[in-house]
Structure formats: C-alpha cells, structure tokens
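Working notes, structure below.
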Amino acid sequence: MKNLLTKFNYNTDSTDTSMISDVYVIKNSDGSARWIFPTHAKKPLFLKFYHVEGLRSRLFALLSKVVFLLGIQSIVYRKENWDSCVQLAYQVLPVDLTNTHWALFTGTKGPNNKILLYGEKDAGSFFLKIPATSLASDIVLSEKAGSDKAASISPDSFRIPSVKMHNNRILEIEDIGRQGKRSNEFSDQHKRVLAEIYQKTAKLETPGKTTCLKEGTRCLALAQLKSDPRVPENLIRKLKKLEKELRSESFLSALAHGDFTPWNMFVQQNQLAVYDWEMAKEAYPLGFDAFHFIIQKGIMIERKSWKDIRQELHKNVASWLNTYLSTTEARWEYYLKLYLFVNICRYLDIYIRQENWHDQVYWLMETWNEALSDISTHPEDARAILIEDVFSNLRERDYATMKFPVIPPYSLSPYSDIDICLKKKDSIELVNRLKKHPLVQKVLQTKSSFMSQVQIILINNEILNLDLIWQLKWKHMEMMNIGAVLERAQTNTYGVKAIHPGDLKTYLGLFYGLNNAMVPQKYEHHISRDTEHNSVVNSIIESSHSQQIIPQKSLKKAIKEQPANRGLSGILNRVSYLFDTVYSLFNQRGMIVTFSGVDGAGKSTIIERMRYEYEKKLRRRVVVLRHRPSVLPILSAWTKGKARAEQDSANTLPRQGTNNSTLSSLLRFSYYYTDYLFGQFAVYVRHVLRGDIVLYDRYYFDFINDSLRSNIRLPKGLLKTGYMFLIKPDFNFFLYADADTILARKQELDKDTIKSLTKKYLDLFKTLARSKKASHRYVAIENRVLEETVSEIIKTTTGKAA
C-alpha cells in the first residue's frame, strides 16, 4: 500500500504508528494488488469496480457476497498491514475514511494509471479518481473538462455525475449509478442517448479541417517513428493506406464520450448514468460511440472474433446510423472506417508508451488487424493480406518457416504454399483464428500425428495452403528435434522467422535422402552450404550429396539411433504412423468434373489450365480422361490395334461416320455403354476414393446431343435414359461461344451445326439443373475470356475439391 501512495510523490516516511490499520487485498494474476478494502468492511464494495454481466462474473459477484454474509473474509482474502500509510491517506485524500465504508481499485498499469476509490457515507456515495502519474493527472483534468462539455448540452436521456477537483488533482465524482445496473446490450436506450447528442452537436467536417483525422495521423506517424516491435508492421501499413482513403471526404461529426462501454455506465429506468468522460471529444465521427460500445465489449468481455463483431454491428448499428447519414446511400461502413482509424491510432499512442502490455492489448491488436483487413481489402488482395495476418498472428510465438523465400510475405506466388514448424498448441490456436478471419470462407484440415495440412478458401475463392508441423518425421521415425529447430530460427529482413540454414540443410538432406530421391537443383545451394552443425547425419549428407542421391540406408541407420526413435518413444511413433496410414486411406475423397462443348469451344485449353490450377493450388493428383472411362478400348482397336486405332481417331474429323444401321448403332452404343457402366466403378475406386480429381474431356452428354460424333443413330430418349444408371459427376460444365468465335478457332463444323448443337446442350443442362433429384452441378459458361471462365470454374468447384 505504501508503494501505491509513493506513486503520487507523497512523503511516506511518517513514523507515527498510532493509526495502524489492516486491509484485505485481492491480487492480479501477476501478484500485484487489484482491489483493497478495510478488514471492518461489511459489504464487498470492490464490486463497484467489477463489470457483472455473464455467468462467470455473476458467479464471482455472488460468491463475494456470500463470503461477506458468512463473515469469512479472513479465510478467503489476504490480509496486509497498511501501518503509517493510513495516516498519510488521511492527509492527502479529501474525505475522512474513519467514517467511510470504502474500497480501492489500483487501476490499469501504464502511463495513464489512475487509482479509484469508492466510498459510502451517510450523506451519500462517491468516487475519488487519484492520478498515479503526471500523464494521468492531465487525463483527470480532461475528465473534468469532458464532463462539463457533456453537461453543457443539458441532456434529457442520460445523467452525468457532478465532479469536483481537489488538491493534487484528485477528482471527486458523484455516484449516480446506485439504482442502475450494467448491461452488455446496445439497446434502444443507448441509441436514444447518442441520438440526442447527435441532434444537439452534429456538424459537417470538411477535408483538411478534420481535427480527429489530423490527430490520428499524428499518432500514426509517432507509432511508425518509434517502430515498437510489439506493433505488427502490417497494422501500420493498413492504417497508412486507410488514412489516404479517408483524407479527401467530408463527414458528419458530433460530441463523443470516447469510451462509451458497458463498464462506464449504468442502465436506469428512464436514463443512462454515464461516467468517465476523460476521452470525450467535440468532433468525432458520427457513430463513434456506438461502434466503440459493441467492439470493445466484443473483444474485452465476449472474446469475439471480428467476423462475429461485424455481424453484430450490421444488425444493431447499420440501419440506425444510416438514418442520420443519407436516405439514398448506405454510408455506415465509411463511418466504421473513420472510427477504426481514429480509435486505433489514439490507442497506439497510449500503448507504445507502456513498457509492459497486459493480455487485453494483444487481444485488441489481433482484432484491429483483422478489422483493417476486412474493411480495406479489395478481393484481389485477399490472399496477400491473409498471408501477412498469418505471420502477424505468429509473431509472439516460436515458429520457423521451411523453404520460404526471402521476399515480402504478401508477394508470395499464388501457387506457393507455406510450411511452418511450430508447437502443436500454437497450430491449434492459429487454425481457430483463421476459421474466424473475415477474409476466410472455409478452412479444411487433414490431420495426422505430426502435422496438419490446412487448406484455406478465401472469400474470393483463392486458396492458401499451410503445412503446420510440430514433429519432423519420416514414416515412423523422427528426423529432427522440433524444439531445437524453433530455438535456432532466424528472423529475416521482412520479419519472417525462418529455419536456420544448418537445420535446413539437414532437413533437405534427410527428406530427399530417405525418400530415395535426388535433391532438386533449386535446393542444391542449401545442401552445399558449410555449417557448424556437426553430426552423423550431416556427415552422410556432405559426403554423398555430390553423388546426386544421398544413401537412404545410411540415413535410416543414423536417425534410428536417435533417442526419439528408441524405446517407448519408438513404439509410440510406430503406432502413430499406423494410425496415420489407415486414416489417410479414408480421409479425402476426390471429385469428377466433366467438360462438354462443340469443337472450338475451348475445352482443351480450359482443361489444361484447370489441371494446373488443381495440382498447384489444391495439391491433388489430376487425371484427364477422354469421353469415357476407357476400361474397354476404342472399337476399331480390335481390328487395327490400340495404337493405330487411336491415331486414326485423332486424325479423323468428327461426325464423318457412315453408319446408318439401327442394329449396328445399338451394338456400338451397347459396347460404349458397358464401358461407362462398369468403368465408372473402376474410376471411382482407382481415383476418387484416393482423392484424385478426374477431368473428363467430353462425357456421356455427347451420346445424347451429338451421337453422330460416335457414329451412332438411335432415338435421343433411349440415349438419355442410359444416363439415369450412371454415377453422376460432381460438376458438369458446358462451354460455349457464338458461332463466329468458334469458327475463328476451328473450322470443323458449319455455322448451323454449331448453333444447333449449342442449343441442344443448353437445353439439356437446363433440364438436368432443374431436376429435383439433381444433387450435382450443371453449369453452362460462355467461354469468351479465359481468366473469367477459369475463375467461374474455380468458384464453383473449390469448396467440393477442397
């Protein structure tokens, strides 16, 4: 307690012990005092400083009251001796504690620290706000000024406590909340308060004259200048980008409380009792307090993600605020951007002055970063922004990237994935955070005993793949100790922690050597690097990599002797590997995608592009089949041989067959239908169950719409009936274009035939898409611009493929 008073520069050298008093102390998790109250207290007055809302806080408040009711404070709470500090307190505090029931809150650590004392006397109750630093003294003066500003508008919907400034800048505040309660709900009552303030104080702020934006810009420049390593660099970049967007527009401003939160007010029958006007400003963007209420309690009390907070803002603030902004335009999102810029910048100015941060500051930083990603991202930037946010989320954790290029993270190729070594608990936290990220549509995981393959589908259908590794294993053996790898990780020029060059050399040598493969040329310089890590494994790698393949047998023998692969650990590794193997057999189902269209519609180009996209982005094996499963060879192969028959077929223009016999057509169709009927199961077992993606260049629909192409002449109804008995592909795309465009690409069909076939396919796909039983997709795409067609296919198939 003496330490608390010495913060105020008060002399605590008194030796008078005539006023010795004991107090009870409730401490913070770090051992420092949080709440203090006298041993003779009859009620838990410290609850006046505690926000009671929610099951956990209600339970704590109830138990506290039970302790006092039973009179067992001495058993539950820690007793300390206040000794001569009591006399000093009597000298410096503007109230007589002898006849006062009181409790004291030591406040939040930092340069703005203020100690709060609550007292009850026969004449009424009050708060004393006692500044513990020179900066806190200025804030206390600001509260007096803010309270006066709020009182000057003569409010009807809310009450403001009367305040009185004493010596030593101690502020006495009237207790006006005794008949009220705290609430986390942003209710109509809160809206009425803000509406009254807007009606009485709103004004137009023009570009270049906006005080709050200028102040935000000043705070941002200071934060950038100080370059506090605790502040994510991408947070600063996003704020700078947002500042440029906001500086040129006018907006409505009004008086704002500045810290309009559930813990700074009490809900009464007809009014709100609103305290703590220390951060009040006369020209903050409209809606500032509404945004602040929902966002702060969402982060600090409910621990919500930004995605959930954004939904609550849209539900409770958007339409209400728009009534004050424009009748023709939904402007609330612009005012949300203003709020985020001003609020984040002003708090950065506070936090960079603090030597130590409590957990809540990191919560705020994480959520602010996600909020800025959400509001300032163009769809094409989503993947780059998310990559930066991944590394921002990991910055306070131990991790090491594997083979990550020394480039700004946001410039990573769209076809590159990211391998990260980290602790298992950190990987779980990262995935949970990503699932709630505003730029993320879906997160899919393939888990094993030593790693998690994470596939992230973004809101623009781009894909980011992460391999989160907490054990470096090959089959049932541990190759390297992950703890040692994390300990030696190095931070590169762009703030990304990367595996130590010596560890990377060992890993690459082990990975390719144990898999009996050559080290790729692009990694050769890592293997050739001289390192200080001397080990049996490194000796094997260094002595043999010049022979192109590092001997697998020697590596296996070396790592088998490591402690992690012997005894009980070795047995557990084998069991884990067995489970991983079994799980992988049933874990990931592939899919079947068909592409149909007349010759010249662009099928071949699209299929090749999609093969590349799926292989690189989805990391799946892709199998391309032409027209049918091909379990049975082409008919002419029985007479010409397979190679000759396929060559002749490739060199022959379509629709050139001369067959006019119904019997011949029926036999021909029966042969190919048998291939479809039984071949579909072969394709399913060989590929789909193994996770492969099967792309069909043409499919059964050709028999229905263009049977002449297969030299078959049978009723369309019969051919269409055959489709009923086939396993339906997951996605079916019909690519088409106008006849002139197709003829410019290929002159294999005449204009009338192109138009006729296109109409047949469009009608068929419309019919199949309307079928109530159709659980699969039938999509017609006009294939004019390659990138647009590819984007549409990716958008349609991504969720299923991933």
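Order determines the names: the first chain of the structure tokens is A, the second B, and so forth; residues in each chain are numbered 1 upward, and ligands are numbered 1 upward as they are shown.
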
Problem - Residue set, region 239-404 of chain A restricted to helix (DSSP H, G or I), as a ChimeraX atom specification - result: /A:239-246,262-264,288-300,306-322,332-351,359-375,379-394

Practice task
Identify, on the basis of only C-alpha atoms, every residue whose closest approach to Leu252 (chain A) does not exceed 9 Å; exclude the query and any residue fewer than 2 positions from it along the same chain; express the result as a PyMOL selection string.
Solution key: chain A and resi 202-206+250+254+283-286+325+335

Handout entry: Nearest residue to Ser152 (chain A) from the set A:Ile540, A:Val694, A:Leu255, A:Leu719 (distances using only C-alpha atoms)
Key =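 Smallest separation from Ser152 (chain A) among the options: A:Leu255.
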
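Proximity of A:Tyr362, A:Tyr118, A:Tyr523, A:Phe158 to Val274 (chain A), computed with only C-alpha atoms, is greatest for A:Phe158.
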
Would you pick out the contacts of region 56-61 of chain A at 12 Å or less, using only C-alpha atoms, so that residues sharing its chain but fewer than 2 positions from it are not included, and give the list as a PDB file with N, CA and C atoms, in the first residue's frame?
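What follows is the written file around.pdb:
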ATOM      1  N   LYS A  43     -19.584  -4.968   3.415  1.00  0.00           N
ATOM      2  CA  LYS A  43     -20.091  -5.307   2.084  1.00  0.00           C
ATOM      3  C   LYS A  43     -18.919  -5.353   1.098  1.00  0.00           C
ATOM      4  N   PRO A  44     -19.046  -6.166   0.041  1.00  0.00           N
ATOM      5  CA  PRO A  44     -17.976  -6.226  -0.978  1.00  0.00           C
ATOM      6  C   PRO A  44     -18.067  -5.028  -1.926  1.00  0.00           C
ATOM      7  N   LEU A  45     -17.688  -3.863  -1.422  1.00  0.00           N
ATOM      8  CA  LEU A  45     -17.797  -2.649  -2.225  1.00  0.00           C
ATOM      9  C   LEU A  45     -16.873  -2.659  -3.442  1.00  0.00           C
ATOM     10  N   PHE A  46     -15.872  -3.549  -3.435  1.00  0.00           N
ATOM     11  CA  PHE A  46     -14.972  -3.621  -4.592  1.00  0.00           C
ATOM     12  C   PHE A  46     -15.721  -4.057  -5.862  1.00  0.00           C
ATOM     13  N   LEU A  47     -16.926  -4.617  -5.689  1.00  0.00           N
ATOM     14  CA  LEU A  47     -17.719  -4.995  -6.859  1.00  0.00           C
ATOM     15  C   LEU A  47     -18.194  -3.774  -7.653  1.00  0.00           C
ATOM     16  N   LYS A  48     -18.074  -2.574  -7.060  1.00  0.00           N
ATOM     17  CA  LYS A  48     -18.403  -1.358  -7.801  1.00  0.00           C
ATOM     18  C   LYS A  48     -17.442  -1.149  -8.974  1.00  0.00           C
ATOM     19  N   PHE A  49     -16.276  -1.792  -8.896  1.00  0.00           N
ATOM     20  CA  PHE A  49     -15.290  -1.673  -9.970  1.00  0.00           C
ATOM     21  C   PHE A  49     -15.356  -2.852 -10.944  1.00  0.00           C
ATOM     22  N   TYR A  50     -16.273  -3.770 -10.707  1.00  0.00           N
ATOM     23  CA  TYR A  50     -16.309  -5.022 -11.465  1.00  0.00           C
ATOM     24  C   TYR A  50     -17.534  -5.050 -12.360  1.00  0.00           C
ATOM     25  N   HIS A  51     -17.319  -5.363 -13.629  1.00  0.00           N
ATOM     26  CA  HIS A  51     -18.426  -5.411 -14.587  1.00  0.00           C
ATOM     27  C   HIS A  51     -19.127  -6.770 -14.471  1.00  0.00           C
ATOM     28  N   VAL A  52     -20.298  -6.764 -13.841  1.00  0.00           N
ATOM     29  CA  VAL A  52     -21.040  -8.002 -13.601  1.00  0.00           C
ATOM     30  C   VAL A  52     -22.038  -8.210 -14.727  1.00  0.00           C
ATOM     31  N   GLU A  53     -21.662  -9.068 -15.677  1.00  0.00           N
ATOM     32  CA  GLU A  53     -22.536  -9.394 -16.807  1.00  0.00           C
ATOM     33  C   GLU A  53     -22.019 -10.687 -17.408  1.00  0.00           C
ATOM     34  N   GLY A  54     -22.839 -11.710 -17.399  1.00  0.00           N
ATOM     35  CA  GLY A  54     -22.373 -13.016 -17.863  1.00  0.00           C
ATOM     36  C   GLY A  54     -22.254 -13.982 -16.688  1.00  0.00           C
ATOM     37  N   LEU A  63     -20.530 -15.200  -5.071  1.00  0.00           N
ATOM     38  CA  LEU A  63     -19.642 -15.809  -4.070  1.00  0.00           C
ATOM     39  C   LEU A  63     -19.043 -14.743  -3.155  1.00  0.00           C
ATOM     40  N   SER A  64     -18.730 -13.584  -3.713  1.00  0.00           N
ATOM     41  CA  SER A  64     -18.178 -12.495  -2.899  1.00  0.00           C
ATOM     42  C   SER A  64     -19.187 -12.045  -1.849  1.00  0.00           C
ATOM     43  N   LYS A  65     -20.449 -11.943  -2.264  1.00  0.00           N
ATOM     44  CA  LYS A  65     -21.494 -11.531  -1.318  1.00  0.00           C
ATOM     45  C   LYS A  65     -21.715 -12.589  -0.243  1.00  0.00           C
ATOM     46  N   VAL A  66     -21.604 -13.865  -0.632  1.00  0.00           N
ATOM     47  CA  VAL A  66     -21.763 -14.955   0.335  1.00  0.00           C
ATOM     48  C   VAL A  66     -20.640 -14.905   1.370  1.00  0.00           C
ATOM     49  N   VAL A  67     -19.419 -14.627   0.943  1.00  0.00           N
ATOM     50  CA  VAL A  67     -18.274 -14.532   1.862  1.00  0.00           C
ATOM     51  C   VAL A  67     -18.539 -13.484   2.928  1.00  0.00           C
ATOM     52  N   PHE A  68     -19.033 -12.317   2.524  1.00  0.00           N
ATOM     53  CA  PHE A  68     -19.314 -11.249   3.486  1.00  0.00           C
ATOM     54  C   PHE A  68     -20.503 -11.595   4.368  1.00  0.00           C
ATOM     55  N   ARG A 182     -25.486  -2.608 -14.899  1.00  0.00           N
ATOM     56  CA  ARG A 182     -24.697  -2.611 -16.128  1.00  0.00           C
ATOM     57  C   ARG A 182     -25.277  -3.630 -17.102  1.00  0.00           C
ATOM     58  N   ILE A 301     -14.863  -8.480 -23.282  1.00  0.00           N
ATOM     59  CA  ILE A 301     -15.751  -9.280 -22.429  1.00  0.00           C
ATOM     60  C   ILE A 301     -16.116 -10.603 -23.091  1.00  0.00           C
ATOM     61  N   GLU A 302     -16.576 -10.523 -24.334  1.00  0.00           N
ATOM     62  CA  GLU A 302     -17.114 -11.711 -25.005  1.00  0.00           C
ATOM     63  C   GLU A 302     -16.073 -12.478 -25.803  1.00  0.00           C
TER      64      GLU A 302
END

Taking only region 16-218 of chain A into account, list the residues labelled strand (DSSP E) by DSSP (computed from the backbone), as a short mmCIF file (atom, residue, chain, number, x, y, z; two decimals) with C-alpha atoms, in the first residue's frame.
data_model
loop_
_atom_site.label_atom_id
_atom_site.label_comp_id
_atom_site.auth_asym_id
_atom_site.auth_seq_id
_atom_site.Cartn_x
_atom_site.Cartn_y
_atom_site.Cartn_z
CA ASP A 22 -5.26 -3.81 8.39
CA VAL A 23 -6.70 -4.26 4.94
CA TYR A 24 -7.65 -7.17 2.70
CA VAL A 25 -6.08 -7.38 -0.73
CA ILE A 26 -7.33 -9.19 -3.86
CA LYS A 27 -4.47 -9.56 -6.29
CA ALA A 33 -2.72 -5.60 -5.75
CA ARG A 34 -6.00 -5.14 -7.63
CA TRP A 35 -8.68 -4.38 -5.02
CA ILE A 36 -8.11 -3.23 -1.43
CA PHE A 37 -10.67 -2.80 1.33
CA PRO A 38 -10.57 -2.48 5.16
CA ARG A 78 -5.20 -11.99 2.08
CA LYS A 79 -4.63 -9.55 4.96
CA GLU A 80 -1.91 -6.87 4.81
CA ASN A 81 -0.85 -4.12 7.20
CA HIS A 101 -17.02 2.39 4.05
CA TRP A 102 -14.62 2.16 1.15
CA ALA A 103 -12.83 0.02 -1.41
CA LEU A 104 -9.92 0.84 -3.68
CA PHE A 105 -9.06 -0.26 -7.23
CA LYS A 114 -5.35 6.15 -12.06
CA ILE A 115 -6.32 4.70 -8.70
CA LEU A 116 -10.03 4.68 -7.98
CA LEU A 117 -11.54 4.80 -4.50
CA TYR A 118 -15.23 4.21 -3.85
CA GLY A 119 -16.75 5.38 -0.58
CA GLU A 120 -20.12 5.29 1.15
CA LYS A 121 -21.11 7.75 3.88
CA GLY A 124 -24.16 9.58 0.04
CA SER A 125 -21.64 7.67 -2.04
CA PHE A 126 -18.81 8.93 -4.23
CA PHE A 127 -15.73 8.02 -6.24
CA LEU A 128 -12.26 9.50 -5.95
CA LYS A 129 -10.07 9.30 -9.02
CA ILE A 130 -6.43 9.62 -7.95
CA PRO A 131 -3.78 10.10 -10.66
CA PHE A 158 -28.77 10.48 -19.70
CA ARG A 159 -27.23 11.72 -16.46
CA VAL A 163 -17.43 16.36 -10.44
CA LYS A 164 -15.22 18.36 -8.11
CA MET A 165 -11.47 18.89 -8.43
CA LEU A 171 -11.23 14.24 -8.75
CA GLU A 172 -14.33 13.57 -6.66
CA ILE A 173 -17.17 12.09 -8.71
CA GLU A 174 -20.80 11.75 -7.68
CA LYS A 203 -21.74 19.34 -37.69
CA LEU A 204 -20.05 18.83 -41.05
CA GLU A 205 -16.27 18.26 -41.15
#

Exercise for the section: Just the residues within 10 Å of Lys505 (chain A), please, counting only C-alpha atoms, with nothing from its chain fewer than 6 positions along; format it as a list in words. Expected result: Ile499, Phe511, Tyr523, Glu524, His525, His526, Ile527, Ser528, Arg529, Asp530, Thr531, His533, Asn538, Ile541 and Glu542 of chain A

Go ahead and write the residues just picked, N, CA and C atoms, as a PDB file, in the first residue's frame.
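What follows is the written file again23.pdb:
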ATOM      1  N   ILE A 499      13.820 -21.191 -40.715  1.00  0.00           N
ATOM      2  CA  ILE A 499      14.668 -22.243 -40.180  1.00  0.00           C
ATOM      3  C   ILE A 499      16.142 -21.880 -40.394  1.00  0.00           C
ATOM      4  N   PHE A 511      15.106 -35.419 -45.962  1.00  0.00           N
ATOM      5  CA  PHE A 511      13.838 -35.580 -46.677  1.00  0.00           C
ATOM      6  C   PHE A 511      14.044 -36.286 -48.011  1.00  0.00           C
ATOM      7  N   TYR A 523      17.399 -26.436 -54.637  1.00  0.00           N
ATOM      8  CA  TYR A 523      17.806 -26.544 -53.234  1.00  0.00           C
ATOM      9  C   TYR A 523      19.269 -26.951 -53.081  1.00  0.00           C
ATOM     10  N   GLU A 524      19.961 -27.134 -54.191  1.00  0.00           N
ATOM     11  CA  GLU A 524      21.330 -27.637 -54.156  1.00  0.00           C
ATOM     12  C   GLU A 524      22.251 -26.724 -53.349  1.00  0.00           C
ATOM     13  N   HIS A 525      22.047 -25.398 -53.447  1.00  0.00           N
ATOM     14  CA  HIS A 525      22.942 -24.480 -52.733  1.00  0.00           C
ATOM     15  C   HIS A 525      22.789 -24.591 -51.216  1.00  0.00           C
ATOM     16  N   HIS A 526      21.601 -25.024 -50.744  1.00  0.00           N
ATOM     17  CA  HIS A 526      21.428 -25.229 -49.301  1.00  0.00           C
ATOM     18  C   HIS A 526      22.239 -26.430 -48.827  1.00  0.00           C
ATOM     19  N   ILE A 527      22.233 -27.482 -49.638  1.00  0.00           N
ATOM     20  CA  ILE A 527      22.971 -28.693 -49.273  1.00  0.00           C
ATOM     21  C   ILE A 527      24.472 -28.438 -49.305  1.00  0.00           C
ATOM     22  N   SER A 528      24.920 -27.589 -50.208  1.00  0.00           N
ATOM     23  CA  SER A 528      26.354 -27.322 -50.367  1.00  0.00           C
ATOM     24  C   SER A 528      26.883 -26.354 -49.315  1.00  0.00           C
ATOM     25  N   ARG A 529      25.994 -25.724 -48.575  1.00  0.00           N
ATOM     26  CA  ARG A 529      26.407 -24.710 -47.608  1.00  0.00           C
ATOM     27  C   ARG A 529      27.233 -25.321 -46.469  1.00  0.00           C
ATOM     28  N   ASP A 530      28.287 -24.621 -46.057  1.00  0.00           N
ATOM     29  CA  ASP A 530      29.068 -25.052 -44.898  1.00  0.00           C
ATOM     30  C   ASP A 530      28.340 -24.619 -43.634  1.00  0.00           C
ATOM     31  N   THR A 531      28.210 -25.523 -42.688  1.00  0.00           N
ATOM     32  CA  THR A 531      27.531 -25.208 -41.425  1.00  0.00           C
ATOM     33  C   THR A 531      28.365 -25.674 -40.256  1.00  0.00           C
ATOM     34  N   HIS A 533      26.961 -27.266 -37.730  1.00  0.00           N
ATOM     35  CA  HIS A 533      26.256 -28.383 -37.113  1.00  0.00           C
ATOM     36  C   HIS A 533      26.953 -29.692 -37.504  1.00  0.00           C
ATOM     37  N   ASN A 538      24.720 -35.109 -40.821  1.00  0.00           N
ATOM     38  CA  ASN A 538      25.330 -34.111 -41.692  1.00  0.00           C
ATOM     39  C   ASN A 538      26.564 -34.648 -42.403  1.00  0.00           C
ATOM     40  N   ILE A 541      25.308 -36.578 -45.332  1.00  0.00           N
ATOM     41  CA  ILE A 541      24.801 -35.676 -46.379  1.00  0.00           C
ATOM     42  C   ILE A 541      25.954 -35.023 -47.125  1.00  0.00           C
ATOM     43  N   GLU A 542      26.929 -34.502 -46.389  1.00  0.00           N
ATOM     44  CA  GLU A 542      28.036 -33.785 -47.009  1.00  0.00           C
ATOM     45  C   GLU A 542      28.917 -34.694 -47.860  1.00  0.00           C
TER      46      GLU A 542
END
